[in-house]
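Asks: The structure's right below; bear with me while I get my questions together.
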Amino acid sequence: MRRYYTRVCNFYYGNESRLLVDSNKAIPLNGNKNISFDHIEIISRTSKKKISINKINGLTKSLKRLIKFDLKKIKSKKKNFSNLNFLQIPNIMGVLNLTPDSFSDGGKFNTSKKGLKHALEMFNSGANIIDIGGESTRPGSKSVDNKIEWKRIDKIIQLIAKKIPISLDTRKSDVMKKGIKYGVKIINDVSGLEYDSETINVLKKYKIPFVIQHSKGTPENMQNKPRYKNELLDIYDFFEQKIKYLKKIGIKHNNIIIDPGIGFGKILKHNINLISNISIFHSLGFPILVGNSKKRFIKEIAGKNDSKVRIGGTVASSIYLMMQGIQILRIHDVNELLQGIKVFRKIIKN
């Protein structure tokens, strides 16, 4: 049988959304009346078809059953965790790189004093959680020894873990265990739990929420002509299979976030297809995180209008992602993004 995927589309917001939901003309996303949709796109490896939600009952019996199963996950209210409120879209994960070589801010905050100041600034500006990393995973970067990575982040995690919710950006189980003991709230593994075989045992033992990010290859080689049959559906299948495997081996909790990994083994075409069709991942039934901030795709689109900070491209893509119901955005310039979101919401009276 041909495999089909359900992508929700044609979203509404604020007052308009609430009115449409109350009159049964739109379906709330994750039980949130403030964002809803009234169309779906039915996708296979060979076809696409958009239909309004009132046409679902006219589908074949088997396809209707599949769509309704997906819609059940899409409509279900998400359980809040780690200072993240999934009725609030978007939650902001502020980026704190304590590295000398990260792609956008390497060396800028890699002292305890500067790192602490920046973490507090992002949190006070409105970030829900701060993502701390001691190893750059930008394209072309090389793995850092566990001890060096931990030394970079040890002191600052001790200083702020009791004051601010922290996510730990690491691929290494030893670093994860130390961070968890300090009070880290989320593990963010950019390798999709593939780099260190012990990682899954750590997540299982401590029952800590975690991010599964899709990444093709390693930072050293991930941009060497990455190829997909269909990047959107290949990555969807990756998440579906990974989640099934995790449940099979005993990770029963649902405090899981999925991240399609913009820029991790993707060229411009892949990144834009993922972002423009990002709402397909809602049918997996988990909160979605996107790291779009300052990424190379902005430079590739902007051309001569590129800048080092890339705030314009970050804000534009972030507002689009927010309008697709993405629950978490991983952002460097938290205050500037929230300024843009507040203005946008006021204009559309959300």
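How things are named: the first chain in the structure tokens is A, the next is B, and so on; residues count from 1 in each chain; ligands count from 1 in the order shown.
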Among stretch 5-225 of chain A, which ones does DSSP assign to strand (DSSP E or B) (computed from the backbone)? Answer as a PyMOL selection string.

Replies: chain A and resi 5-13+27-29+32-43+48-52+81+84+91-97+129-133+166-169+186-189+210-213

Asks: What's around stretch 11-28 of chain A at 12 Å? Count only C-alpha atoms, leave out sequence neighbours fewer than 4 positions away in its own chain, and write the answer as an MDAnalysis selection string.

Replies: chainID A and resid 7 32:40 52:55 71:77 87:89 279 320:326 344:350

Asks: Select from stretch 266-303 of chain A every residue with an atom at most 9 Å from any atom of stretch 310-317 of chain A, then for each give the shortest pair of atoms and their distance in Å to one decimal, using only C-alpha atoms, rows by chain and rising number, as JSON lines.

Replies:
```
{"residue": "A:Ile275", "atom": "CA", "partner": "A:Ser317", "partner_atom": "CA", "distance": 8.2}
{"residue": "A:Asn292", "atom": "CA", "partner": "A:Thr314", "partner_atom": "CA", "distance": 6.5}
{"residue": "A:Ser293", "atom": "CA", "partner": "A:Thr314", "partner_atom": "CA", "distance": 5.1}
{"residue": "A:Lys294", "atom": "CA", "partner": "A:Arg310", "partner_atom": "CA", "distance": 5.3}
{"residue": "A:Lys295", "atom": "CA", "partner": "A:Thr314", "partner_atom": "CA", "distance": 8.0}
{"residue": "A:Phe297", "atom": "CA", "partner": "A:Gly313", "partner_atom": "CA", "distance": 8.9}
{"residue": "A:Ile298", "atom": "CA", "partner": "A:Gly313", "partner_atom": "CA", "distance": 5.6}
{"residue": "A:Lys299", "atom": "CA", "partner": "A:Arg310", "partner_atom": "CA", "distance": 7.7}
{"residue": "A:Ile301", "atom": "CA", "partner": "A:Gly313", "partner_atom": "CA", "distance": 8.9}
{"residue": "A:Ala302", "atom": "CA", "partner": "A:Gly313", "partner_atom": "CA", "distance": 8.0}
```

Asks: Keeping only N, CA and C atoms, take the residues you just selected and write them out as a PDB file, in the first residue's frame.

Replies:
```pdb
ATOM      1  N   ILE A 275      11.570  24.033   5.790  1.00  0.00           N
ATOM      2  CA  ILE A 275      10.926  25.152   6.474  1.00  0.00           C
ATOM      3  C   ILE A 275       9.535  25.410   5.898  1.00  0.00           C
ATOM      4  N   ASN A 292      16.748  28.024  13.265  1.00  0.00           N
ATOM      5  CA  ASN A 292      16.876  28.811  12.025  1.00  0.00           C
ATOM      6  C   ASN A 292      17.779  30.023  12.188  1.00  0.00           C
ATOM      7  N   SER A 293      18.137  30.340  13.422  1.00  0.00           N
ATOM      8  CA  SER A 293      18.824  31.584  13.743  1.00  0.00           C
ATOM      9  C   SER A 293      20.196  31.685  13.075  1.00  0.00           C
ATOM     10  N   LYS A 294      20.382  32.734  12.280  1.00  0.00           N
ATOM     11  CA  LYS A 294      21.672  33.088  11.669  1.00  0.00           C
ATOM     12  C   LYS A 294      22.230  32.027  10.716  1.00  0.00           C
ATOM     13  N   LYS A 295      21.409  31.079  10.309  1.00  0.00           N
ATOM     14  CA  LYS A 295      21.915  29.959   9.510  1.00  0.00           C
ATOM     15  C   LYS A 295      22.320  30.395   8.099  1.00  0.00           C
ATOM     16  N   PHE A 297      21.450  29.423   5.205  1.00  0.00           N
ATOM     17  CA  PHE A 297      20.412  29.585   4.184  1.00  0.00           C
ATOM     18  C   PHE A 297      20.018  31.053   4.043  1.00  0.00           C
ATOM     19  N   ILE A 298      20.131  31.823   5.133  1.00  0.00           N
ATOM     20  CA  ILE A 298      19.807  33.254   5.079  1.00  0.00           C
ATOM     21  C   ILE A 298      20.797  33.969   4.159  1.00  0.00           C
ATOM     22  N   LYS A 299      22.076  33.666   4.320  1.00  0.00           N
ATOM     23  CA  LYS A 299      23.109  34.245   3.455  1.00  0.00           C
ATOM     24  C   LYS A 299      22.879  33.870   2.000  1.00  0.00           C
ATOM     25  N   ILE A 301      20.153  33.112   0.452  1.00  0.00           N
ATOM     26  CA  ILE A 301      18.999  33.799  -0.120  1.00  0.00           C
ATOM     27  C   ILE A 301      19.271  35.302  -0.246  1.00  0.00           C
ATOM     28  N   ALA A 302      19.884  35.891   0.786  1.00  0.00           N
ATOM     29  CA  ALA A 302      20.067  37.341   0.836  1.00  0.00           C
ATOM     30  C   ALA A 302      21.110  37.854  -0.147  1.00  0.00           C
TER      31      ALA A 302
END
```

Asks: Could you pull out the residues in stretch 156-202 of chain A that DSSP calls helix (DSSP H, G or I) from the backbone, as a list in words?

Replies: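 Filtering stretch 156-202 of chain A to helix (DSSP H, G or I) leaves Ile156, Ile157, Gln158, Leu159, Ile160, Ser173, Asp174, Val175, Met176, Lys177, Lys178, Gly179, Ile180, Lys181, Tyr182, Thr199, Ile200, Asn201 and Val202 of chain A.
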
Asks: Store the residues picked out above in a file with N, CA and C atoms, as a PDB file, in the first residue's frame.

Replies:
```
ATOM      1  N   ILE A 156      29.771  27.688  34.516  1.00  0.00           N
ATOM      2  CA  ILE A 156      28.570  28.485  34.254  1.00  0.00           C
ATOM      3  C   ILE A 156      27.298  27.689  34.522  1.00  0.00           C
ATOM      4  N   ILE A 157      27.316  26.381  34.251  1.00  0.00           N
ATOM      5  CA  ILE A 157      26.138  25.560  34.573  1.00  0.00           C
ATOM      6  C   ILE A 157      25.912  25.558  36.079  1.00  0.00           C
ATOM      7  N   GLN A 158      26.992  25.425  36.852  1.00  0.00           N
ATOM      8  CA  GLN A 158      26.861  25.487  38.308  1.00  0.00           C
ATOM      9  C   GLN A 158      26.271  26.822  38.757  1.00  0.00           C
ATOM     10  N   LEU A 159      26.696  27.907  38.105  1.00  0.00           N
ATOM     11  CA  LEU A 159      26.261  29.242  38.503  1.00  0.00           C
ATOM     12  C   LEU A 159      24.784  29.493  38.218  1.00  0.00           C
ATOM     13  N   ILE A 160      24.277  28.969  37.100  1.00  0.00           N
ATOM     14  CA  ILE A 160      22.924  29.384  36.702  1.00  0.00           C
ATOM     15  C   ILE A 160      21.866  28.294  36.706  1.00  0.00           C
ATOM     16  N   SER A 173      27.656  11.325  26.276  1.00  0.00           N
ATOM     17  CA  SER A 173      26.943  10.824  27.456  1.00  0.00           C
ATOM     18  C   SER A 173      27.602  11.253  28.769  1.00  0.00           C
ATOM     19  N   ASP A 174      28.925  11.302  28.815  1.00  0.00           N
ATOM     20  CA  ASP A 174      29.605  11.724  30.047  1.00  0.00           C
ATOM     21  C   ASP A 174      29.252  13.161  30.405  1.00  0.00           C
ATOM     22  N   VAL A 175      29.228  14.018  29.409  1.00  0.00           N
ATOM     23  CA  VAL A 175      28.872  15.419  29.629  1.00  0.00           C
ATOM     24  C   VAL A 175      27.405  15.526  30.046  1.00  0.00           C
ATOM     25  N   MET A 176      26.551  14.727  29.408  1.00  0.00           N
ATOM     26  CA  MET A 176      25.134  14.715  29.770  1.00  0.00           C
ATOM     27  C   MET A 176      24.941  14.374  31.247  1.00  0.00           C
ATOM     28  N   LYS A 177      25.599  13.306  31.695  1.00  0.00           N
ATOM     29  CA  LYS A 177      25.424  12.851  33.088  1.00  0.00           C
ATOM     30  C   LYS A 177      25.827  13.935  34.075  1.00  0.00           C
ATOM     31  N   LYS A 178      26.938  14.609  33.812  1.00  0.00           N
ATOM     32  CA  LYS A 178      27.394  15.670  34.716  1.00  0.00           C
ATOM     33  C   LYS A 178      26.414  16.840  34.722  1.00  0.00           C
ATOM     34  N   GLY A 179      25.920  17.195  33.545  1.00  0.00           N
ATOM     35  CA  GLY A 179      24.962  18.286  33.454  1.00  0.00           C
ATOM     36  C   GLY A 179      23.651  17.978  34.157  1.00  0.00           C
ATOM     37  N   ILE A 180      23.177  16.753  34.008  1.00  0.00           N
ATOM     38  CA  ILE A 180      21.930  16.343  34.659  1.00  0.00           C
ATOM     39  C   ILE A 180      22.054  16.453  36.179  1.00  0.00           C
ATOM     40  N   LYS A 181      23.213  16.084  36.702  1.00  0.00           N
ATOM     41  CA  LYS A 181      23.435  16.156  38.158  1.00  0.00           C
ATOM     42  C   LYS A 181      23.438  17.598  38.659  1.00  0.00           C
ATOM     43  N   TYR A 182      23.758  18.542  37.788  1.00  0.00           N
ATOM     44  CA  TYR A 182      23.719  19.963  38.151  1.00  0.00           C
ATOM     45  C   TYR A 182      22.322  20.559  38.004  1.00  0.00           C
ATOM     46  N   THR A 199      24.412   7.249  25.118  1.00  0.00           N
ATOM     47  CA  THR A 199      23.450   8.336  25.314  1.00  0.00           C
ATOM     48  C   THR A 199      22.055   7.827  25.646  1.00  0.00           C
ATOM     49  N   ILE A 200      21.589   6.842  24.896  1.00  0.00           N
ATOM     50  CA  ILE A 200      20.228   6.340  25.107  1.00  0.00           C
ATOM     51  C   ILE A 200      20.064   5.773  26.514  1.00  0.00           C
ATOM     52  N   ASN A 201      21.087   5.113  27.026  1.00  0.00           N
ATOM     53  CA  ASN A 201      21.017   4.576  28.400  1.00  0.00           C
ATOM     54  C   ASN A 201      20.925   5.689  29.423  1.00  0.00           C
ATOM     55  N   VAL A 202      21.622   6.807  29.177  1.00  0.00           N
ATOM     56  CA  VAL A 202      21.546   7.957  30.086  1.00  0.00           C
ATOM     57  C   VAL A 202      20.129   8.541  30.077  1.00  0.00           C
TER      58      VAL A 202
END
```

Asks: Show me, as a PyMOL selection string, the residues that have an atom within 10 Å of stretch 268-273 of chain A when counting only C-alpha atoms, minus same-chain residues fewer than 4 positions from it.

Replies: chain A and resi 226-228+230-232+260-264+277-278+292+295-301

Asks: Within 7 Å of A:Tyr5, counting only C-alpha atoms, which residues qualify if same-chain residues fewer than 6 places away don't, as a list in words?

Replies: Ile42, Ile43 and Ser44 of chain A

Asks: Kindly assemble as JSON lines a list of the stretch 56-168 of chain A residues that lie within 12 Å of stretch 190-193 of chain A, each paired with its nearest atom pair and their distance in Å to one decimal, using only C-alpha atoms, sorted first by chain and then by ascending residue number.

Replies:
```
{"residue": "A:Asp131", "atom": "CA", "partner": "A:Val190", "partner_atom": "CA", "distance": 12.0}
{"residue": "A:Gly133", "atom": "CA", "partner": "A:Val190", "partner_atom": "CA", "distance": 10.8}
{"residue": "A:Glu135", "atom": "CA", "partner": "A:Val190", "partner_atom": "CA", "distance": 10.9}
{"residue": "A:Ser136", "atom": "CA", "partner": "A:Val190", "partner_atom": "CA", "distance": 10.6}
{"residue": "A:Thr137", "atom": "CA", "partner": "A:Val190", "partner_atom": "CA", "distance": 8.0}
{"residue": "A:Arg138", "atom": "CA", "partner": "A:Val190", "partner_atom": "CA", "distance": 10.5}
{"residue": "A:Ser143", "atom": "CA", "partner": "A:Ser191", "partner_atom": "CA", "distance": 11.9}
{"residue": "A:Leu168", "atom": "CA", "partner": "A:Val190", "partner_atom": "CA", "distance": 10.6}
```

Asks: Please provide the set of residues having any atom within 9 Å of A:Ile130, restricted to only C-alpha atoms, with same-chain residues fewer than 2 positions apart removed, written as a PDB file with N, CA, C and O atoms, in the first residue's frame.

Replies:
```
ATOM      1  N   ILE A  92      10.967  30.243  23.322  1.00  0.00           N
ATOM      2  CA  ILE A  92      12.282  30.650  22.830  1.00  0.00           C
ATOM      3  C   ILE A  92      13.382  29.945  23.617  1.00  0.00           C
ATOM      4  O   ILE A  92      13.426  30.007  24.843  1.00  0.00           O
ATOM      5  N   MET A  93      14.253  29.243  22.878  1.00  0.00           N
ATOM      6  CA  MET A  93      15.452  28.631  23.444  1.00  0.00           C
ATOM      7  C   MET A  93      16.628  29.541  23.085  1.00  0.00           C
ATOM      8  O   MET A  93      17.027  29.624  21.916  1.00  0.00           O
ATOM      9  N   GLY A  94      17.147  30.252  24.067  1.00  0.00           N
ATOM     10  CA  GLY A  94      18.262  31.160  23.824  1.00  0.00           C
ATOM     11  C   GLY A  94      19.574  30.400  23.704  1.00  0.00           C
ATOM     12  O   GLY A  94      19.825  29.471  24.469  1.00  0.00           O
ATOM     13  N   VAL A  95      20.419  30.784  22.749  1.00  0.00           N
ATOM     14  CA  VAL A  95      21.661  30.074  22.471  1.00  0.00           C
ATOM     15  C   VAL A  95      22.826  30.710  23.220  1.00  0.00           C
ATOM     16  O   VAL A  95      23.078  31.915  23.084  1.00  0.00           O
ATOM     17  N   LEU A  96      23.541  29.887  23.997  1.00  0.00           N
ATOM     18  CA  LEU A  96      24.757  30.344  24.669  1.00  0.00           C
ATOM     19  C   LEU A  96      25.892  29.391  24.314  1.00  0.00           C
ATOM     20  O   LEU A  96      26.003  28.300  24.862  1.00  0.00           O
ATOM     21  N   ALA A 119      23.482  34.959  29.401  1.00  0.00           N
ATOM     22  CA  ALA A 119      22.387  34.050  29.754  1.00  0.00           C
ATOM     23  C   ALA A 119      21.276  34.800  30.487  1.00  0.00           C
ATOM     24  O   ALA A 119      20.090  34.628  30.181  1.00  0.00           O
ATOM     25  N   MET A 122      19.347  37.116  28.065  1.00  0.00           N
ATOM     26  CA  MET A 122      18.387  36.394  27.215  1.00  0.00           C
ATOM     27  C   MET A 122      17.170  35.955  28.009  1.00  0.00           C
ATOM     28  O   MET A 122      16.026  36.078  27.545  1.00  0.00           O
ATOM     29  N   PHE A 123      17.392  35.457  29.226  1.00  0.00           N
ATOM     30  CA  PHE A 123      16.279  34.992  30.048  1.00  0.00           C
ATOM     31  C   PHE A 123      15.381  36.162  30.453  1.00  0.00           C
ATOM     32  O   PHE A 123      14.151  36.071  30.373  1.00  0.00           O
ATOM     33  N   ALA A 127      13.469  34.659  27.003  1.00  0.00           N
ATOM     34  CA  ALA A 127      13.762  33.267  26.640  1.00  0.00           C
ATOM     35  C   ALA A 127      13.172  32.333  27.693  1.00  0.00           C
ATOM     36  O   ALA A 127      13.229  32.625  28.885  1.00  0.00           O
ATOM     37  N   ASN A 128      12.625  31.216  27.255  1.00  0.00           N
ATOM     38  CA  ASN A 128      12.055  30.239  28.185  1.00  0.00           C
ATOM     39  C   ASN A 128      13.115  29.321  28.758  1.00  0.00           C
ATOM     40  O   ASN A 128      12.976  28.809  29.878  1.00  0.00           O
ATOM     41  N   ILE A 132      22.962  25.661  26.439  1.00  0.00           N
ATOM     42  CA  ILE A 132      24.392  25.869  26.655  1.00  0.00           C
ATOM     43  C   ILE A 132      25.198  24.774  25.967  1.00  0.00           C
ATOM     44  O   ILE A 132      24.914  23.585  26.132  1.00  0.00           O
ATOM     45  N   ILE A 164      18.061  29.556  36.279  1.00  0.00           N
ATOM     46  CA  ILE A 164      17.511  29.606  34.920  1.00  0.00           C
ATOM     47  C   ILE A 164      17.356  28.182  34.383  1.00  0.00           C
ATOM     48  O   ILE A 164      18.259  27.367  34.565  1.00  0.00           O
ATOM     49  N   PRO A 165      16.246  27.875  33.715  1.00  0.00           N
ATOM     50  CA  PRO A 165      16.127  26.549  33.075  1.00  0.00           C
ATOM     51  C   PRO A 165      17.175  26.401  31.968  1.00  0.00           C
ATOM     52  O   PRO A 165      17.314  27.285  31.120  1.00  0.00           O
ATOM     53  N   ILE A 166      17.904  25.286  32.001  1.00  0.00           N
ATOM     54  CA  ILE A 166      19.000  25.074  31.059  1.00  0.00           C
ATOM     55  C   ILE A 166      18.764  23.830  30.211  1.00  0.00           C
ATOM     56  O   ILE A 166      18.370  22.782  30.706  1.00  0.00           O
ATOM     57  N   SER A 167      19.068  23.978  28.929  1.00  0.00           N
ATOM     58  CA  SER A 167      19.178  22.852  28.016  1.00  0.00           C
ATOM     59  C   SER A 167      20.668  22.663  27.742  1.00  0.00           C
ATOM     60  O   SER A 167      21.405  23.637  27.608  1.00  0.00           O
ATOM     61  N   LEU A 168      21.107  21.420  27.681  1.00  0.00           N
ATOM     62  CA  LEU A 168      22.525  21.136  27.452  1.00  0.00           C
ATOM     63  C   LEU A 168      22.721  20.599  26.039  1.00  0.00           C
ATOM     64  O   LEU A 168      22.218  19.537  25.680  1.00  0.00           O
TER      65      LEU A 168
END
```

Asks: Would you list the contacts of stretch 223-225 of chain A as a PDB file with all heavy atoms, in the first residue's frame, taking every protein, DNA or RNA residue within 8 Å and counting only C-alpha atoms, but skipping same-chain residues closer than 3 positions in sequence?

Replies:
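Output file result.pdb follows:
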```pdb
ATOM      1  N   PRO A 139      29.360  23.199  10.367  1.00  0.00           N
ATOM      2  CA  PRO A 139      29.976  22.430   9.283  1.00  0.00           C
ATOM      3  C   PRO A 139      31.499  22.576   9.260  1.00  0.00           C
ATOM      4  O   PRO A 139      32.028  23.686   9.326  1.00  0.00           O
ATOM      5  CB  PRO A 139      29.342  23.036   8.025  1.00  0.00           C
ATOM      6  CG  PRO A 139      28.023  23.539   8.496  1.00  0.00           C
ATOM      7  CD  PRO A 139      28.255  24.040   9.885  1.00  0.00           C
ATOM      8  N   PRO A 219      29.615  16.658  11.693  1.00  0.00           N
ATOM      9  CA  PRO A 219      29.986  18.039  11.332  1.00  0.00           C
ATOM     10  C   PRO A 219      31.145  18.116  10.342  1.00  0.00           C
ATOM     11  O   PRO A 219      31.174  19.010   9.490  1.00  0.00           O
ATOM     12  CB  PRO A 219      30.360  18.648  12.686  1.00  0.00           C
ATOM     13  CG  PRO A 219      29.497  17.919  13.665  1.00  0.00           C
ATOM     14  CD  PRO A 219      29.452  16.501  13.151  1.00  0.00           C
ATOM     15  N   PHE A 264      22.096  20.950   8.943  1.00  0.00           N
ATOM     16  CA  PHE A 264      22.889  19.788   9.340  1.00  0.00           C
ATOM     17  C   PHE A 264      22.760  18.701   8.274  1.00  0.00           C
ATOM     18  O   PHE A 264      21.901  17.841   8.345  1.00  0.00           O
ATOM     19  CB  PHE A 264      22.441  19.259  10.707  1.00  0.00           C
ATOM     20  CG  PHE A 264      22.948  20.071  11.864  1.00  0.00           C
ATOM     21  CD1 PHE A 264      22.369  21.282  12.188  1.00  0.00           C
ATOM     22  CD2 PHE A 264      24.025  19.624  12.628  1.00  0.00           C
ATOM     23  CE1 PHE A 264      22.831  22.041  13.255  1.00  0.00           C
ATOM     24  CE2 PHE A 264      24.498  20.371  13.690  1.00  0.00           C
ATOM     25  CZ  PHE A 264      23.909  21.589  14.002  1.00  0.00           C
ATOM     26  N   GLY A 265      23.629  18.770   7.269  1.00  0.00           N
ATOM     27  CA  GLY A 265      23.541  17.828   6.164  1.00  0.00           C
ATOM     28  C   GLY A 265      22.444  18.197   5.190  1.00  0.00           C
ATOM     29  O   GLY A 265      21.742  17.325   4.674  1.00  0.00           O
ATOM     30  N   LYS A 266      22.269  19.504   4.960  1.00  0.00           N
ATOM     31  CA  LYS A 266      21.254  19.998   4.024  1.00  0.00           C
ATOM     32  C   LYS A 266      21.801  21.183   3.239  1.00  0.00           C
ATOM     33  O   LYS A 266      22.461  22.046   3.817  1.00  0.00           O
ATOM     34  CB  LYS A 266      19.977  20.454   4.748  1.00  0.00           C
ATOM     35  CG  LYS A 266      19.115  19.340   5.333  1.00  0.00           C
ATOM     36  CD  LYS A 266      19.292  19.245   6.805  1.00  0.00           C
ATOM     37  CE  LYS A 266      18.450  18.152   7.429  1.00  0.00           C
ATOM     38  NZ  LYS A 266      18.934  17.809   8.773  1.00  0.00           N
ATOM     39  N   ILE A 267      21.486  21.240   1.964  1.00  0.00           N
ATOM     40  CA  ILE A 267      21.801  22.408   1.158  1.00  0.00           C
ATOM     41  C   ILE A 267      20.580  23.320   1.150  1.00  0.00           C
ATOM     42  O   ILE A 267      19.534  23.001   1.727  1.00  0.00           O
ATOM     43  CB  ILE A 267      22.240  22.010  -0.258  1.00  0.00           C
ATOM     44  CG1 ILE A 267      21.126  21.218  -0.972  1.00  0.00           C
ATOM     45  CG2 ILE A 267      23.539  21.204  -0.223  1.00  0.00           C
ATOM     46  CD1 ILE A 267      21.427  20.938  -2.441  1.00  0.00           C
TER      47      ILE A 267
END
```

Asks: Atom CA of A:Tyr195 and atom CA of A:Glu220, how far apart in Å?

Replies: 12.8 Å

Asks: Taking only C-alpha atoms into account, which of A:Lys142, A:Lys308, A:Arg3, A:Lys172 comes nearest A:Glu198?

Replies: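 Of the candidates, the smallest distance to A:Glu198 is held by A:Lys172.
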
Asks: Give me, as a ChimeraX atom specification, all polymer residues having an atom no more than 7 Å from A:Val211, counting only C-alpha atoms and skipping those fewer than 2 positions away in the same chain.

Replies: /A:187-189,213,256-259

Asks: Store the residues picked out above, limited to N, CA, C and O atoms, as a CSV table (one decimal), in the first residue's frame.

Replies:
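Saved result, out01.csv, follows:
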```csv
chain,number,residue,atom,x,y,z
A,187,ILE,N,18.2,17.6,27.4
A,187,ILE,CA,19.4,17.3,26.6
A,187,ILE,C,19.1,17.5,25.2
A,187,ILE,O,18.1,17.0,24.6
A,188,ASN,N,20.0,18.3,24.5
A,188,ASN,CA,19.8,18.6,23.1
A,188,ASN,C,21.0,18.0,22.3
A,188,ASN,O,22.1,18.5,22.3
A,189,ASP,N,20.8,16.9,21.7
A,189,ASP,CA,21.8,16.1,21.0
A,189,ASP,C,21.7,16.3,19.5
A,189,ASP,O,20.8,15.7,18.9
A,213,GLN,N,17.5,15.5,17.1
A,213,GLN,CA,17.7,16.3,15.9
A,213,GLN,C,18.1,15.4,14.8
A,213,GLN,O,18.9,14.5,15.0
A,256,ILE,N,9.6,14.5,24.7
A,256,ILE,CA,10.6,14.4,23.6
A,256,ILE,C,10.2,15.6,22.6
A,256,ILE,O,9.1,15.9,22.4
A,257,ILE,N,11.3,16.2,22.1
A,257,ILE,CA,11.1,17.3,21.1
A,257,ILE,C,11.8,16.8,19.8
A,257,ILE,O,12.9,16.2,19.9
A,258,ILE,N,11.3,17.1,18.7
A,258,ILE,CA,11.9,16.8,17.4
A,258,ILE,C,12.4,18.0,16.7
A,258,ILE,O,11.8,19.1,16.7
A,259,ASP,N,13.6,17.9,16.1
A,259,ASP,CA,14.2,19.1,15.4
A,259,ASP,C,14.7,18.6,14.0
A,259,ASP,O,15.6,17.7,14.0
```

Asks: Hey, which of A:Glu336, A:Asp306, A:Asp154, A:Asp234 ends up closest to A:Ser215? Count only C-alpha atoms.

Replies: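 Of all the options, A:Asp234 lies closest to A:Ser215.
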